[in-house]
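Enquirer: Structure file model_1.cif, mmCIF, C-alpha atoms, is pasted below:
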data_upload
loop_
_atom_site.group_PDB
_atom_site.id
_atom_site.type_symbol
_atom_site.label_atom_id
_atom_site.label_comp_id
_atom_site.auth_asym_id
_atom_site.auth_seq_id
_atom_site.Cartn_x
_atom_site.Cartn_y
_atom_site.Cartn_z
ATOM 1 C CA MET X 1 117.056 87.421 119.212
ATOM 2 C CA ASN X 2 116.503 91.033 118.284
ATOM 3 C CA VAL X 3 112.789 91.626 117.800
ATOM 4 C CA MET X 4 112.853 95.359 117.314
ATOM 5 C CA ALA X 5 113.983 97.345 114.352
ATOM 6 C CA THR X 6 113.915 101.025 113.662
ATOM 7 C CA THR X 7 113.471 102.174 110.112
ATOM 8 C CA GLY X 8 113.586 105.905 109.863
ATOM 9 C CA THR X 9 111.525 106.987 112.835
ATOM 10 C CA ALA X 10 109.010 104.170 112.568
ATOM 11 C CA THR X 11 109.368 101.497 115.213
ATOM 12 C CA VAL X 12 108.446 97.897 114.543
ATOM 13 C CA THR X 13 107.903 95.532 117.467
ATOM 14 C CA LEU X 14 106.480 92.055 117.945
ATOM 15 C CA PRO X 15 104.064 92.143 120.902
ATOM 16 C CA SER X 16 103.188 88.456 120.494
ATOM 17 C CA ASP X 17 103.702 85.524 118.167
ATOM 18 C CA GLU X 18 100.993 86.633 115.789
ATOM 19 C CA GLU X 19 101.246 90.405 115.929
ATOM 20 C CA ILE X 20 103.279 93.172 114.324
ATOM 21 C CA LEU X 21 103.142 96.663 115.795
ATOM 22 C CA ILE X 22 104.277 99.695 113.835
ATOM 23 C CA THR X 23 104.536 102.987 115.723
ATOM 24 C CA ARG X 24 105.292 106.369 114.214
ATOM 25 C CA GLU X 25 104.991 109.943 115.442
ATOM 26 C CA PHE X 26 103.822 112.743 113.169
ATOM 27 C CA ASP X 27 104.204 116.464 113.577
ATOM 28 C CA ALA X 28 100.500 117.115 113.034
ATOM 29 C CA PRO X 29 97.254 116.957 115.039
ATOM 30 C CA LYS X 30 95.419 113.662 114.962
ATOM 31 C CA HIS X 31 92.407 114.832 112.980
ATOM 32 C CA LEU X 32 94.754 115.537 110.075
ATOM 33 C CA VAL X 33 96.549 112.204 110.368
ATOM 34 C CA TYR X 34 93.146 110.515 110.467
ATOM 35 C CA LYS X 35 92.028 112.508 107.455
ATOM 36 C CA ALA X 36 95.150 111.535 105.499
ATOM 37 C CA TRP X 37 94.588 107.914 106.497
ATOM 38 C CA THR X 38 90.924 107.709 105.499
ATOM 39 C CA THR X 39 90.410 110.033 102.517
ATOM 40 C CA PRO X 40 90.926 108.307 99.142
ATOM 41 C CA GLU X 41 92.424 111.349 97.359
ATOM 42 C CA LEU X 42 94.895 111.756 100.215
ATOM 43 C CA VAL X 43 95.708 108.065 100.557
ATOM 44 C CA ARG X 44 96.641 108.139 96.874
ATOM 45 C CA GLN X 45 99.351 110.656 97.731
ATOM 46 C CA TRP X 46 101.255 108.561 100.236
ATOM 47 C CA TRP X 47 100.270 104.910 100.349
ATOM 48 C CA CYS X 48 102.521 103.527 97.636
ATOM 49 C CA GLY X 49 105.582 105.470 98.783
ATOM 50 C CA GLN X 50 108.203 105.445 96.048
ATOM 51 C CA ARG X 51 107.298 102.018 94.782
ATOM 52 C CA GLY X 52 104.847 102.739 92.049
ATOM 53 C CA GLU X 53 101.587 104.422 91.153
ATOM 54 C CA MET X 54 98.339 103.985 92.935
ATOM 55 C CA THR X 55 95.579 102.793 90.605
ATOM 56 C CA SER X 56 92.775 102.443 93.101
ATOM 57 C CA ALA X 57 91.909 103.799 96.535
ATOM 58 C CA GLU X 58 88.344 102.984 97.500
ATOM 59 C CA ILE X 59 87.212 103.621 101.052
ATOM 60 C CA ASP X 60 83.667 103.122 102.272
ATOM 61 C CA LEU X 61 84.326 104.374 105.776
ATOM 62 C CA ARG X 62 81.571 102.796 107.846
ATOM 63 C CA VAL X 63 81.302 99.623 109.862
ATOM 64 C CA GLY X 64 80.761 96.819 107.354
ATOM 65 C CA GLY X 65 82.021 99.032 104.524
ATOM 66 C CA THR X 66 84.874 97.809 102.351
ATOM 67 C CA TRP X 67 88.148 99.281 101.161
ATOM 68 C CA ARG X 68 90.520 98.391 98.370
ATOM 69 C CA TYR X 69 93.938 99.757 97.463
ATOM 70 C CA ALA X 70 95.775 98.813 94.301
ATOM 71 C CA MET X 71 99.019 99.994 92.816
ATOM 72 C CA VAL X 72 101.156 99.226 89.836
ATOM 73 C CA ALA X 73 104.654 98.685 91.107
ATOM 74 C CA THR X 74 107.597 100.165 89.265
ATOM 75 C CA GLY X 75 108.316 96.709 87.813
ATOM 76 C CA GLY X 76 104.880 96.697 86.173
ATOM 77 C CA HIS X 77 102.986 94.173 88.271
ATOM 78 C CA GLU X 78 99.841 95.090 90.162
ATOM 79 C CA VAL X 79 99.626 94.718 93.918
ATOM 80 C CA ALA X 80 96.256 94.985 95.629
ATOM 81 C CA PHE X 81 94.799 94.694 99.110
ATOM 82 C CA HIS X 82 91.241 94.863 100.311
ATOM 83 C CA GLY X 83 89.226 94.436 103.455
ATOM 84 C CA GLU X 84 86.296 95.507 105.561
ATOM 85 C CA PHE X 85 85.867 98.031 108.356
ATOM 86 C CA ARG X 86 84.852 96.488 111.642
ATOM 87 C CA GLU X 87 85.114 99.407 114.028
ATOM 88 C CA ILE X 88 85.406 103.152 113.478
ATOM 89 C CA VAL X 89 85.918 105.809 116.134
ATOM 90 C CA PRO X 90 86.599 109.022 114.180
ATOM 91 C CA ASN X 91 90.044 110.523 114.841
ATOM 92 C CA GLN X 92 90.858 107.758 117.316
ATOM 93 C CA ARG X 93 90.633 104.192 116.149
ATOM 94 C CA ILE X 94 89.945 102.032 113.116
ATOM 95 C CA VAL X 95 89.712 98.263 113.017
ATOM 96 C CA ASN X 96 89.732 96.670 109.583
ATOM 97 C CA THR X 97 90.493 93.389 107.898
ATOM 98 C CA GLU X 98 93.168 93.132 105.216
ATOM 99 C CA VAL X 99 93.709 90.549 102.508
ATOM 100 C CA TYR X 100 96.564 90.559 100.034
ATOM 101 C CA GLU X 101 95.071 89.688 96.664
ATOM 102 C CA SER X 102 97.260 86.806 95.587
ATOM 103 C CA PRO X 103 96.602 83.196 94.603
ATOM 104 C CA GLU X 104 99.175 82.231 97.251
ATOM 105 C CA VAL X 105 97.174 83.794 100.046
ATOM 106 C CA ASP X 106 94.013 82.406 101.625
ATOM 107 C CA GLN X 107 91.406 85.040 100.764
ATOM 108 C CA ASP X 108 89.143 83.892 103.590
ATOM 109 C CA ASP X 109 91.767 84.295 106.262
ATOM 110 C CA PRO X 110 92.412 88.029 106.591
ATOM 111 C CA ALA X 111 94.775 89.858 108.863
ATOM 112 C CA ILE X 112 93.211 92.332 111.296
ATOM 113 C CA ASN X 113 94.601 95.851 111.546
ATOM 114 C CA ILE X 114 93.955 98.009 114.588
ATOM 115 C CA VAL X 115 94.966 101.594 113.891
ATOM 116 C CA THR X 116 95.047 104.190 116.677
ATOM 117 C CA PHE X 117 95.663 107.941 116.654
ATOM 118 C CA ALA X 118 96.770 109.658 119.888
ATOM 119 C CA GLU X 119 97.633 113.320 120.123
ATOM 120 C CA GLU X 120 99.884 115.118 122.566
ATOM 121 C CA GLY X 121 101.129 118.665 122.209
ATOM 122 C CA GLY X 122 99.985 118.875 118.608
ATOM 123 C CA ARG X 123 101.877 115.713 117.646
ATOM 124 C CA THR X 124 100.217 112.432 116.820
ATOM 125 C CA THR X 125 101.383 108.949 117.627
ATOM 126 C CA LEU X 126 100.038 106.481 115.106
ATOM 127 C CA THR X 127 100.040 102.776 115.864
ATOM 128 C CA VAL X 128 99.191 100.008 113.432
ATOM 129 C CA LEU X 129 98.765 96.649 115.099
ATOM 130 C CA THR X 130 98.497 93.813 112.593
ATOM 131 C CA GLN X 131 97.121 90.543 113.929
ATOM 132 C CA LEU X 132 97.870 87.629 111.662
ATOM 133 C CA SER X 133 96.068 84.351 111.505
ATOM 134 C CA SER X 134 99.159 82.330 112.343
ATOM 135 C CA LYS X 135 102.680 82.657 113.660
ATOM 136 C CA GLU X 136 103.899 81.209 110.395
ATOM 137 C CA ILE X 137 102.520 84.078 108.348
ATOM 138 C CA ARG X 138 103.900 86.611 110.791
ATOM 139 C CA ASP X 139 107.290 84.976 110.518
ATOM 140 C CA ILE X 140 107.197 85.247 106.759
ATOM 141 C CA ILE X 141 106.641 88.969 107.039
ATOM 142 C CA ILE X 142 108.780 89.795 110.027
ATOM 143 C CA GLU X 143 111.728 87.506 109.906
ATOM 144 C CA SER X 144 112.331 88.130 106.279
ATOM 145 C CA GLY X 145 112.593 91.839 106.624
ATOM 146 C CA MET X 146 112.162 93.846 109.704
ATOM 147 C CA GLU X 147 114.304 92.001 112.154
ATOM 148 C CA SER X 148 117.815 93.315 111.870
ATOM 149 C CA GLY X 149 119.553 90.005 112.478
ATOM 150 C CA MET X 150 117.749 88.434 109.574
ATOM 151 C CA GLN X 151 118.475 91.469 107.477
ATOM 152 C CA GLU X 152 122.172 90.902 107.991
ATOM 153 C CA GLY X 153 121.648 87.259 107.174
ATOM 154 C CA MET X 154 119.908 88.204 103.962
ATOM 155 C CA ASP X 155 122.632 90.656 103.036
ATOM 156 C CA LEU X 156 125.043 87.805 103.461
ATOM 157 C CA LEU X 157 122.863 85.580 101.318
ATOM 158 C CA GLU X 158 122.907 88.123 98.558
ATOM 159 C CA GLN X 159 126.676 88.172 98.612
ATOM 160 C CA VAL X 160 126.618 84.424 98.401
ATOM 161 C CA ALA X 161 124.189 84.615 95.494
ATOM 162 C CA ILE X 162 126.453 86.988 93.633
ATOM 163 C CA ALA X 163 129.501 84.855 94.375
ATOM 164 C CA LEU X 164 127.767 81.783 92.949
ATOM 165 C CA ARG X 165 126.761 83.468 89.714
ATOM 166 C CA MET S 1 90.732 78.282 99.367
ATOM 167 C CA ALA S 2 93.107 76.244 101.482
ATOM 168 C CA ARG S 3 96.438 77.735 102.288
ATOM 169 C CA ALA S 4 99.287 76.387 100.185
ATOM 170 C CA ALA S 5 101.403 73.647 101.734
ATOM 171 C CA THR S 6 104.156 75.045 103.901
ATOM 172 C CA THR S 7 107.050 74.018 101.698
ATOM 173 C CA THR S 8 105.980 75.215 98.277
ATOM 174 C CA ASP S 9 108.337 78.140 97.949
ATOM 175 C CA ALA S 10 111.405 79.746 99.447
ATOM 176 C CA PHE S 11 109.305 82.186 101.460
ATOM 177 C CA ASN S 12 107.598 79.384 103.315
ATOM 178 C CA ALA S 13 110.795 77.417 103.641
ATOM 179 C CA VAL S 14 112.499 80.236 105.519
ATOM 180 C CA ALA S 15 109.489 80.977 107.733
ATOM 181 C CA GLU S 16 110.744 78.289 110.131
ATOM 182 C CA PRO S 17 113.349 79.633 112.605
ATOM 183 C CA ARG S 18 115.496 76.476 112.563
ATOM 184 C CA ARG S 19 115.688 76.537 108.797
ATOM 185 C CA ARG S 20 116.837 80.121 108.913
ATOM 186 C CA GLN S 21 119.547 79.060 111.355
ATOM 187 C CA ILE S 22 120.650 76.355 108.963
ATOM 188 C CA LEU S 23 120.810 78.883 106.146
ATOM 189 C CA ASP S 24 122.812 81.269 108.306
ATOM 190 C CA VAL S 25 125.328 78.530 109.062
ATOM 191 C CA LEU S 26 125.518 77.428 105.417
ATOM 192 C CA ALA S 27 125.969 81.050 104.334
ATOM 193 C CA GLY S 28 129.370 80.735 106.016
ATOM 194 C CA GLY S 29 130.336 77.726 103.889
ATOM 195 C CA GLU S 30 129.603 74.137 102.964
ATOM 196 C CA ARG S 31 128.880 71.726 105.829
ATOM 197 C CA PRO S 32 128.101 68.061 106.342
ATOM 198 C CA VAL S 33 124.980 67.141 108.325
ATOM 199 C CA ASN S 34 126.865 66.122 111.442
ATOM 200 C CA GLU S 35 128.426 69.578 111.742
ATOM 201 C CA LEU S 36 125.007 71.204 111.419
ATOM 202 C CA VAL S 37 123.728 68.867 114.112
ATOM 203 C CA ALA S 38 126.567 69.869 116.438
ATOM 204 C CA LEU S 39 126.263 73.587 115.722
ATOM 205 C CA LEU S 40 122.494 73.833 116.056
ATOM 206 C CA GLY S 41 121.941 71.442 118.953
ATOM 207 C CA LEU S 42 119.281 69.508 117.057
ATOM 208 C CA THR S 43 118.968 65.804 116.380
ATOM 209 C CA GLN S 44 120.116 64.430 113.054
ATOM 210 C CA PRO S 45 116.553 63.529 111.949
ATOM 211 C CA GLN S 46 115.438 67.083 112.694
ATOM 212 C CA VAL S 47 118.281 68.587 110.699
ATOM 213 C CA SER S 48 117.678 66.160 107.837
ATOM 214 C CA LYS S 49 113.996 67.045 107.758
ATOM 215 C CA HIS S 50 114.761 70.760 107.537
ATOM 216 C CA LEU S 51 117.426 70.189 104.891
ATOM 217 C CA ARG S 52 114.917 68.235 102.832
ATOM 218 C CA VAL S 53 112.476 71.162 102.931
ATOM 219 C CA LEU S 54 115.218 73.581 101.950
ATOM 220 C CA ARG S 55 116.342 71.338 99.103
ATOM 221 C CA GLU S 56 112.784 71.066 97.770
ATOM 222 C CA VAL S 57 112.705 74.802 97.166
ATOM 223 C CA GLY S 58 116.256 74.943 95.864
ATOM 224 C CA ALA S 59 117.552 76.979 98.815
ATOM 225 C CA VAL S 60 120.124 74.298 99.612
ATOM 226 C CA GLU S 61 122.102 72.004 97.342
ATOM 227 C CA VAL S 62 123.989 68.837 98.175
ATOM 228 C CA ARG S 63 127.018 67.056 96.727
ATOM 229 C CA ASP S 64 128.837 63.880 97.659
ATOM 230 C CA GLU S 65 132.483 64.070 98.586
ATOM 231 C CA GLY S 66 133.770 60.603 99.294
ATOM 232 C CA ARG S 67 131.551 59.257 102.031
ATOM 233 C CA ARG S 68 130.351 62.663 103.105
ATOM 234 C CA ARG S 69 127.347 64.593 101.829
ATOM 235 C CA LEU S 70 128.041 68.296 101.846
ATOM 236 C CA TYR S 71 125.278 70.882 101.943
ATOM 237 C CA ARG S 72 125.634 74.379 100.607
ATOM 238 C CA ILE S 73 123.389 77.358 100.175
ATOM 239 C CA ASN S 74 121.982 78.322 96.792
ATOM 240 C CA GLY S 75 121.773 82.072 97.018
ATOM 241 C CA GLN S 76 119.929 82.426 93.711
ATOM 242 C CA ALA S 77 116.899 80.590 95.078
ATOM 243 C CA LEU S 78 116.792 83.009 97.995
ATOM 244 C CA LYS S 79 117.282 86.189 96.047
ATOM 245 C CA PRO S 80 113.528 86.746 95.507
ATOM 246 C CA ILE S 81 113.134 86.851 99.277
ATOM 247 C CA HIS S 82 115.969 89.295 99.610
ATOM 248 C CA ASP S 83 114.399 91.572 97.016
ATOM 249 C CA TRP S 84 110.977 91.320 98.612
ATOM 250 C CA VAL S 85 112.401 92.028 102.041
ATOM 251 C CA HIS S 86 113.952 95.272 100.947
ATOM 252 C CA ALA S 87 110.788 96.405 99.224
ATOM 253 C CA TYR S 88 108.706 95.620 102.293
ATOM 254 C CA GLU S 89 111.050 97.302 104.713
ATOM 255 C CA ARG S 90 111.269 100.408 102.580
ATOM 256 C CA SER S 91 107.555 100.644 101.930
ATOM 257 C CA TRP S 92 106.540 101.800 105.395
ATOM 258 C CA THR S 93 109.403 104.259 105.614
ATOM 259 C CA GLU S 94 108.502 105.707 102.242
ATOM 260 C CA ARG S 95 104.823 105.845 103.060
ATOM 261 C CA PHE S 96 105.454 107.694 106.288
ATOM 262 C CA ASP S 97 107.858 110.110 104.646
ATOM 263 C CA ARG S 98 105.186 110.945 102.106
ATOM 264 C CA LEU S 99 102.576 111.196 104.814
ATOM 265 C CA ASP S 100 104.821 113.732 106.590
ATOM 266 C CA SER S 101 104.837 116.049 103.599
ATOM 267 C CA LEU S 102 101.116 115.569 102.994
ATOM 268 C CA LEU S 103 100.433 116.510 106.624
ATOM 269 C CA GLU S 104 102.522 119.654 106.224
ATOM 270 C CA ASP S 105 100.293 120.601 103.290
ATOM 271 C CA LEU S 106 97.137 119.863 105.272
ATOM 272 C CA LYS S 107 98.364 121.936 108.224
ATOM 273 C CA THR S 108 99.203 124.867 105.973
ATOM 274 C CA LYS S 109 95.835 124.633 104.272
ATOM 275 C CA GLU S 110 94.015 124.458 107.582
ATOM 276 C CA GLN S 111 95.855 127.512 108.918
ATOM 277 C CA GLY S 112 94.973 129.347 105.712
ATOM 278 C CA ASP S 113 91.313 128.439 106.180
ATOM 279 C CA GLU S 114 91.439 129.708 109.753
ATOM 280 C CA ARG S 115 92.823 133.052 108.627
ATOM 281 C CA HIS S 116 90.023 133.392 106.127
ATOM 282 C CA GLY S 117 87.472 132.708 108.816
ATOM 283 C CA ASP S 118 85.810 129.799 107.031
ATOM 284 C CA TYR S 119 87.240 127.169 109.322
ATOM 285 C CA ARG S 120 85.056 125.945 112.135
ATOM 286 C CA ASP S 121 85.512 122.845 114.188
ATOM 287 C CA GLY S 122 88.530 121.102 112.838
ATOM 288 C CA ASP S 123 87.545 117.523 112.236
ATOM 289 C CA SER S 124 84.789 117.732 109.705
ATOM 290 C CA ASP S 125 84.560 119.423 106.358
ATOM 291 C CA ALA S 126 80.826 118.878 106.534
ATOM 292 C CA ALA S 127 80.637 121.428 109.379
ATOM 293 C CA GLN S 128 81.418 124.115 106.842
ATOM 294 C CA ARG S 129 78.400 123.408 104.698
#
Please lay out the structure from this file as structure tokens.
Expert:
Amino acid sequence: MNVMATTGTATVTLPSDEEILITREFDAPKHLVYKAWTTPELVRQWWCGQRGEMTSAEIDLRVGGTWRYAMVATGGHEVAFHGEFREIVPNQRIVNTEVYESPEVDQDDPAINIVTFAEEGGRTTLTVLTQLSSKEIRDIIIESGMESGMQEGMDLLEQVAIALR
Amino acid sequence: MARAATTTDAFNAVAEPRRRQILDVLAGGERPVNELVALLGLTQPQVSKHLRVLREVGAVEVRDEGRRRLYRINGQALKPIHDWVHAYERSWTERFDRLDSLLEDLKTKEQGDERHGDYRDGDSDAAQR
């Protein structure tokens, strides 16, 4: 089974049953990547990509401090995440919890994100390791999207869906 | 709050690898249980259990043809997953693309600050106060 997918220049791997690792290199020194990652006004400029508008970016960057990001997706519904900082090494490493605010998701069972920033020759390698509370939840995220085999399967399913209409 | 039961929606139904295999096979056409059993190398009770879960969420439908029960995929029930998948996959790519351009701005700004001599030790704006 293919457990690696490359989307753009971001690499997604599955180090273990309950982990997702995203790796991406940036043409910028790490203190700037860290700044873009941790400053609310800057997070607002990139976090929601093309999918909508960011309505909230709150970051209390200290151990025990909380964060919350919310956006209104293009379809009109609000999507929000929040969590708490557990470890902060400026320009190097952030450990935080993350909960998707949804009635479907156990709010007391957060994922853990470990974010690292490593610089070489003026370029920064960013890694985001997400540790989920169960293999099942990881599978929901991974298998349904990032694994190329499943993607093909889903493309096929869409064709089937259209054919059945 | 307790986590929802594992079979309440299509997302949970497809979180199980064997069920995804069943869906992949059924995406190729209608099949009776015994063919699924042969193709997947599972026992009939196992296949039946997974089919029951898939039927509960509408991902699979069944019809009788003579003495055979034929299972087929219901793509409509799975379309929400397909849509979600694409949004999720795109989101990180889009975020990072935006982050790239933001970083270009920050680099330019920082270089400008250096030229004007009001830039000190990179990491902290507070150092300038």
Enquirer: Return as a ChimeraX atom specification the set of residues that the PyMOL selection byres ((chain X and resi 62-71) around 8) yields on the displayed structure.
Expert: /X:48,52-61,72-73,78-88
Enquirer: Can you pull out every residue within 7 Å of segment 24-33 of chain X, counting all atoms listed in the file, but drop anything in the same chain fewer than 4 positions away, and send it as a list in words?
Expert: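 That gives Thr9, Ala10, Thr11, Trp37, Asn91, Phe117, Ala118, Glu119, Gly122, Arg123, Thr124, Thr125, Leu126 and Thr127 of chain X; Asp100, Leu103, Leu106 and Asp123 of chain S.
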Enquirer: In Å, how far is it from atom CA of Arg69 of chain S to atom CA of Arg52 of chain S?
Expert: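 So the two atoms, atom CA of Arg69 of chain S and atom CA of Arg52 of chain S, lie 13.0 Å apart.
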Enquirer: I'd like the interatomic distance between atom CA of Ala10 of chain S and atom CA of Thr93 of chain S, to a tenth of an Å.
Expert: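 Here the two named atoms are 25.4 Å from each other.
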Enquirer: What's the separation between atom CA of Ala77 of chain S and atom CA of Gly75 of chain X, in Å to one decimal place?
Expert: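 We find that atom CA of Ala77 of chain S and atom CA of Gly75 of chain X lie 19.7 Å from each other.
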Enquirer: Restricting the calculation to all atoms listed in the file, which member of S:Lys107, S:Gln21, S:Leu99, S:Lys79 is positioned closest to His50 of chain S?
Expert: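 Comparing S:Lys107, S:Gln21, S:Leu99, S:Lys79 against His50 of chain S, the winner is S:Gln21.
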Enquirer: Give me the residues within 12 Å of Glu35 of chain S as a PDB file with C-alpha atoms, keeping the file's coordinate frame, counting all atoms listed in the file and dropping any in the same chain fewer than 3 places off.
Expert:
ATOM      1  CA  ILE S  22     120.650  76.355 108.963  1.00  0.00           C
ATOM      2  CA  VAL S  25     125.328  78.530 109.062  1.00  0.00           C
ATOM      3  CA  LEU S  26     125.518  77.428 105.417  1.00  0.00           C
ATOM      4  CA  GLY S  29     130.336  77.726 103.889  1.00  0.00           C
ATOM      5  CA  GLU S  30     129.603  74.137 102.964  1.00  0.00           C
ATOM      6  CA  ARG S  31     128.880  71.726 105.829  1.00  0.00           C
ATOM      7  CA  PRO S  32     128.101  68.061 106.342  1.00  0.00           C
ATOM      8  CA  ALA S  38     126.567  69.869 116.438  1.00  0.00           C
ATOM      9  CA  LEU S  39     126.263  73.587 115.722  1.00  0.00           C
ATOM     10  CA  LEU S  40     122.494  73.833 116.056  1.00  0.00           C
ATOM     11  CA  GLY S  41     121.941  71.442 118.953  1.00  0.00           C
ATOM     12  CA  LEU S  42     119.281  69.508 117.057  1.00  0.00           C
ATOM     13  CA  THR S  43     118.968  65.804 116.380  1.00  0.00           C
ATOM     14  CA  GLN S  44     120.116  64.430 113.054  1.00  0.00           C
ATOM     15  CA  VAL S  47     118.281  68.587 110.699  1.00  0.00           C
ATOM     16  CA  SER S  48     117.678  66.160 107.837  1.00  0.00           C
ATOM     17  CA  ARG S  68     130.351  62.663 103.105  1.00  0.00           C
ATOM     18  CA  ARG S  69     127.347  64.593 101.829  1.00  0.00           C
ATOM     19  CA  LEU S  70     128.041  68.296 101.846  1.00  0.00           C
ATOM     20  CA  TYR S  71     125.278  70.882 101.943  1.00  0.00           C
TER      21      TYR S  71
END
Enquirer: When the PyMOL selection byres ((chain X and resi 130) around 8) is applied to the file above, which residues end up in the set, as a list in words?
Expert: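 That selection, the PyMOL selection byres ((chain X and resi 130) around 8), comes back as Glu19, Ile20, Leu21, Ala111, Ile112, Asn113, Ile114, Val128, Leu129, Gln131 and Leu132 of chain X.
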Enquirer: Might I get the box with edges along x, y and z of the file that holds all atoms of segment 40-57 of chain S listed there, padded by 6 Å on every side, given as centre and edge lengths in Å to one decimal, as AutoDock Vina command-line options?
Expert:
--center_x 117.5 --center_y 69.2 --center_z 108.1 --size_x 22.0 --size_y 23.3 --size_z 33.8
